[in-house]
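Note sheet for the following structure.
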2 protein chains.
Amino acid sequence: MNLDIAKPYLLFLGDERDRVYAKTAAGLAQWDGENCVGQLRLSADTVDVGLEDLTLDEARIRGARTVVLGIVVIGGQIPPATMSVLCEALDKGLDVAAGMHDRLSDISELREAAARSGARIIDVRVPPLSLPVGTGARRAGKRLLTMGTDCALGKKYTALALTREMTARGLDVDFRATGQTGILLAGSGIPIDAVVADFLSGAVEMVSPIADPGHWDVIEGQGSLFHPGYAAVTMGLLTGSQPDAFVVCTDATRTHMAGWPDFLLPTIDEVIELTILIGKRANPAIRCVGISVNTSSLPPHERSDYRLALAAQYGVPCGDPLDGGLGEIVSEVIDAF
Amino acid sequence: MNLDIAKPYLLFLGDERDRVYAKTAAGLAQWDGENCVGQLRLSADTVDVGLEDLTLDEARIRGARTVVLGIVVIGGQIPPATMSVLCEALDKGLDVAAGMHDRLSDISELREAAARSGARIIDVRVPPLSLPVGTGARRAGKRLLTMGTDCALGKKYTALALTREMTARGLDVDFRATGQTGILLAGSGIPIDAVVADFLSGAVEMVSPIADPGHWDVIEGQGSLFHPGYAAVTMGLLTGSQPDAFVVCTDATRTHMAGWPDFLLPTIDEVIELTILIGKRANPAIRCVGISVNTSSLPPHERSDYRLALAAQYGVPCGDPLDGGLGEIVSEVIDAF
């Protein structure tokens with residue numbers, strides 16, 4: 001589960017114009033900005049993650065070791081213009097890392113470029129070769145899982161913010177990565193969505209192993225139980241992580257599933273109900289300890305009131321990892337366990 | 001999705017003593033017995049699927065073309081005694097087919113034996129290379145999915161019995177295979193449990209494609225939404241098949257999950273509740289049309305009363321595919337749609 005990726009990174013955004021699909025780059029810029037020398041964008045309207053725009057040569061001068069392809073493409077197909085930059089990076093001796101289902105190392109053009117220069121291709125979304133079937137056996141230690149109303153609205157940020165705050169309060173805690181960005185940040189983890197279905201909950205059991213009774217694993221959630229494409233991934237996470245606690249992650253203004261415009265977002269109530277109905281099989285004590293809401297689409301002066309209203313409605317603390325933080329949710333975790 | 005496997009089969013049971021893990025052999029003997037020349041068992045207490053015991057040479061004389069490894073091993077490891085029979089079969093020119101996660105064609109000993117004789121190794125549990133992410137888009141045609149309280153208690157038999165009876169009543173219907181035995185029977189299908197998590201519901205959408213409005217796909221279910229190892233597989237099936245109707249499959253006397261003795265079987269109520277809660281997202285009209293109960297562990301004179309009691313309790317017809325059949329459930333399907 002441990003990787004060997006050389007930092008600092010240059011974040012490569014191709015020509016992706018939709019922020020939703022640039023979440024790997026945005027996550028690395030947000031949570032590991034000190035290890036990113038800049039960003040490379042192919043057009044003026046490509047997503048901007050707030051770093052300095054650099055060419056490959058400029059990035060090399062700043063010390064970049066690895067070009068991270070920081071976008072996710074549905075189906076994993078890499079556009080031609082993006083492909084040629086990856087080739088050029090390898091030719092210049094920079095390592096290239098990516099987390100799509102289609103492996104860069106399966107593309108002969110890239111393999112040949114890497115062979116010429118000696119640079120490395122690192123496919124983050126490659127699960128371990130041998131995984132067990134989930135046993136469902138109760139494991140010592142405590143676990144918190146982030147559950148979403150949809151994809152790409154803050155499950156990873158929530159887990160990272162909770163981990164930071166719990167660490168600051170003196171708790172014994174580990175962030176457990178289950179997706180490509182989390183793995184690039186943490187340097188370890190299993191890309192759950194690339195695991196073969198029969199071994200999904202087994203992989204999650206491996207990601208959050210038996211631990212001291214007071215130890216917390218904060219497990220990065222994926223997808224949504226209500227998602228037409230990815231519900232099975234979420235099901236494997238919930239079954240395998242046997243969480244004591246979960247936090248519902250949502251977005252203040254999103255009404256429909258991102259990229260699936262015919263599907264309404266489920267309500268927070270529906271997520272809590274279904275998570276408990278399924279999760280109680282592996283852990284009868286499972287409970288919702290908070291709501292994490294992405295309020296970036298609201299005017300700044302409305303955000304706090306919005307969160308207070310949600311907290312009152314559901315009877316649990318509500319926070320935004322990027323606006324005020326998740327301190328109250330951590331207090332709830334400490335009080336409840 | 002179409003395979004090319006030569007019948008008739010010799011069913012090879014290794015030294016498996018637990019019927020639960022011999023369901024591939026038992027299913028082929030039950031539903032395609034006319035294409036099986038016999039069975040090969042390594043010891044007297046190996047599971048007996050009711051065919052004549054034959055050696056490899058005897059099977060060849062009877063015309064066998066393919067030796068089917070008819071057992072499932074958790075984790076997919078093949079015992080040594082079983083392995084040597086597979087080698088011998090290939091050496092004698094018989095094809096060998098299996099449906100475990102570990103591919104026979106990855107084992108050099110078998111590959112070499114096949115190369116020597118020209119016989120073929122057929123790994124049924126290999127999904128198509130390129131699968132889409134599920135769209136959740138509504139597809140024309142009607143779909144029925146079998147949902148279980150557990151693994152290995154009749155979801156495939158139920159789907160096959162329903163397909164036969166619906167065909168007999170003049171309905172336009174296809175059995176859709178999602179597991180190795182179903183695929184060996186039907187000659188087509190996708191082994192859903194071998195699909196990478198992100199593409200699970202997409203694979204199921206491919207298995208049950210758009211069809212005439214009056215056409216029925218009867219889709220073979222897998223696992224259980226309540227299973228500690230395999231719940232994610234079931235979730236992908238339910239999400240991708242967007243069923244109009246489902247039949248709950250259970251066993252009259254099983255109290256705990258087979259192979260997971262710490263997990264109680266869920267109740268039929270729980271299966272209906274959770275299936276509808278999840279399934280209504282993709283198809284708001286989803287409904288339970290019957291209960292299929294394996295009553296083989298009850299005394300014959302108690303079976304009918306047991307089913308009548310279940311039918312009264314849940315308000316839907318109840319049948320056993322191998323004892324009296326599922327005619328009443330098919331009548332319910334015809335009445336309801």
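Please note that chains go A, B, ... in the order of the structure tokens, that every chain numbers its residues from 1, and that ligands are numbered from 1 in the order shown.
Using only C-alpha atoms, the protein and nucleic acid residues lying no more than 10 Å from region 303-313 of chain B, apart from those fewer than 2 places from it along its own chain, are Ala252, Ile268, Gly290, Ile291, Ser292, Val293, Asn294, Thr295, Ser296, Ser297, Leu298, Pro299, Pro300, His301, Gly315, Val316, Pro317, Cys318, Gly319, Asp320, Asp323 and Gly324 of chain B.
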Hey, what does DSSP flag as strand (DSSP E) within region 244-337 of chain B? Can you give it to me as a count of residues only?
24
Could you please tell me, as an MDAnalysis selection string, which residues of chain B have an atom within 6 Å of chain A when using only C-alpha atoms?
chainID B and resid 133:134 136 193:198 201 228:230 232:233 235:236
Restrict the selected residues to C-alpha atoms and save them as a compact mmCIF listing (two decimals), in the first residue's frame.
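Okay, result_25.txt is ready:
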```
# COMPACT_ATOMS: atom_id res chain seq x y z
CA VAL B 133 -19.69 3.55 -16.08
CA GLY B 134 -23.41 3.08 -15.35
CA GLY B 136 -28.78 5.10 -14.82
CA ASP B 193 -18.26 -10.23 -9.31
CA ALA B 194 -15.04 -10.04 -11.36
CA VAL B 195 -15.78 -6.52 -12.63
CA VAL B 196 -13.84 -3.52 -11.26
CA ALA B 197 -16.00 -1.57 -8.81
CA ASP B 198 -16.41 1.65 -10.83
CA SER B 201 -23.58 -0.98 -12.68
CA PRO B 228 -20.20 -8.76 4.78
CA GLY B 229 -18.15 -9.88 1.79
CA TYR B 230 -20.31 -9.42 -1.28
CA ALA B 232 -21.15 -4.33 -3.13
CA VAL B 233 -21.74 -6.84 -5.94
CA MET B 235 -25.57 -3.15 -4.95
CA GLY B 236 -24.12 -2.90 -8.47
```
For Asp95 (chain A): contacts at 10 Å, only C-alpha atoms, fewer than 4 positions along chain excluded, given as a list in words:
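Residues near the query, excluding close chain neighbours: Ile5, Ala6, Lys7, Tyr9, Ala64, Arg65, Thr66, Val67, Val68, Leu86, Ala89, Leu90, Asp91, Ala114, Ser117, Gly118, Ala119, Arg120, Ile121 and Ile122 of chain A.
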I'd like the contact shell of region 246-250 of chain B - 7 Å cut-off, only C-alpha atoms, skipping same-chain residues fewer than 3 positions apart - returned as a ChimeraX atom specification.
/B:144-149,153-155,243,287-294
Given only C-alpha atoms as the counted atoms, nearest of A:Gly33, A:Pro79, A:Gly141, A:Pro128 to Leu10 (chain A)
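Selected residue with least distance to Leu10 (chain A): A:Gly33.
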Please, what distance in Å, to one decimal, runs between CA of Ala59 (chain B) and CA of Asp18 (chain B)?
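That distance, rounded to one decimal, is 24.0 Å.
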Identify, on the basis of only C-alpha atoms, every residue whose closest approach to Gly182 (chain B) does not exceed 10 Å; exclude the query and any residue fewer than 2 positions from it along the same chain; express the result as a list in words.
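These residues fall inside the cut-off: Thr24, Gly27, Leu28, Trp31, Lys156, Tyr157, Ala159, Leu160, Phe175, Arg176, Ala177, Thr178, Gly179, Gln180, Leu184, Leu185, Ala186, Gly187, Ser188, Gly189, Ile190, Pro191 and Glu220 of chain B.
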Mind writing the picked residues with N, CA and C atoms as a short mmCIF file (atom, residue, chain, number, x, y, z; two decimals), in the first residue's frame?
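Listed below is the output, result_20.cif:
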```cif
data_model
loop_
_atom_site.label_atom_id
_atom_site.label_comp_id
_atom_site.auth_asym_id
_atom_site.auth_seq_id
_atom_site.Cartn_x
_atom_site.Cartn_y
_atom_site.Cartn_z
N THR B 24 -21.66 -24.70 -8.87
CA THR B 24 -21.51 -24.69 -10.33
C THR B 24 -21.84 -26.06 -10.90
N GLY B 27 -25.56 -26.86 -10.40
CA GLY B 27 -26.41 -26.08 -11.30
C GLY B 27 -26.39 -26.63 -12.71
N LEU B 28 -25.21 -27.04 -13.18
CA LEU B 28 -25.13 -27.60 -14.53
C LEU B 28 -25.84 -28.94 -14.60
N TRP B 31 -29.75 -28.11 -14.51
CA TRP B 31 -30.38 -27.34 -15.58
C TRP B 31 -29.88 -27.68 -16.96
N LYS B 156 -30.01 -18.15 -8.79
CA LYS B 156 -29.85 -18.57 -10.18
C LYS B 156 -30.98 -19.55 -10.57
N TYR B 157 -31.24 -20.54 -9.71
CA TYR B 157 -32.32 -21.49 -9.99
C TYR B 157 -33.64 -20.77 -10.15
N ALA B 159 -34.12 -17.66 -11.14
CA ALA B 159 -34.14 -16.95 -12.43
C ALA B 159 -34.35 -17.94 -13.58
N LEU B 160 -33.72 -19.11 -13.52
CA LEU B 160 -33.87 -20.10 -14.59
C LEU B 160 -35.29 -20.67 -14.61
N PHE B 175 -33.07 -15.17 -20.09
CA PHE B 175 -32.28 -15.33 -18.87
C PHE B 175 -30.97 -14.57 -19.06
N ARG B 176 -30.60 -13.71 -18.09
CA ARG B 176 -29.36 -12.94 -18.19
C ARG B 176 -28.40 -13.40 -17.12
N ALA B 177 -27.30 -14.02 -17.55
CA ALA B 177 -26.34 -14.63 -16.63
C ALA B 177 -25.36 -13.60 -16.10
N THR B 178 -25.10 -13.65 -14.79
CA THR B 178 -24.13 -12.75 -14.17
C THR B 178 -23.06 -13.48 -13.38
N GLY B 179 -23.09 -14.82 -13.40
CA GLY B 179 -22.10 -15.61 -12.67
C GLY B 179 -21.62 -16.77 -13.51
N GLN B 180 -20.58 -17.45 -13.01
CA GLN B 180 -19.92 -18.43 -13.86
C GLN B 180 -20.84 -19.57 -14.29
N LEU B 184 -21.94 -20.55 -18.07
CA LEU B 184 -21.70 -21.87 -18.65
C LEU B 184 -22.99 -22.46 -19.21
N LEU B 185 -24.12 -22.17 -18.55
CA LEU B 185 -25.41 -22.64 -19.04
C LEU B 185 -25.86 -21.88 -20.27
N ALA B 186 -25.80 -20.55 -20.20
CA ALA B 186 -26.40 -19.71 -21.24
C ALA B 186 -25.47 -19.51 -22.43
N GLY B 187 -24.17 -19.65 -22.21
CA GLY B 187 -23.21 -19.38 -23.28
C GLY B 187 -22.92 -17.90 -23.47
N SER B 188 -23.50 -17.05 -22.61
CA SER B 188 -23.19 -15.62 -22.65
C SER B 188 -23.47 -14.99 -21.29
N GLY B 189 -23.02 -13.75 -21.11
CA GLY B 189 -23.21 -13.06 -19.83
C GLY B 189 -21.91 -12.42 -19.39
N ILE B 190 -21.96 -11.72 -18.25
CA ILE B 190 -20.77 -11.08 -17.69
C ILE B 190 -20.64 -11.53 -16.23
N PRO B 191 -19.45 -12.01 -15.83
CA PRO B 191 -19.24 -12.41 -14.44
C PRO B 191 -19.10 -11.16 -13.57
N GLU B 220 -30.07 -12.88 -13.25
CA GLU B 220 -29.53 -13.69 -12.16
C GLU B 220 -28.91 -12.78 -11.10
#
```
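Of note, CA of Val173 (chain A) and CA of Trp216 (chain A) are spaced 4.6 Å apart.
Taking CA of Met100 (chain A) and CA of Pro127 (chain A) as the two end points, the separation is 12.1 Å.
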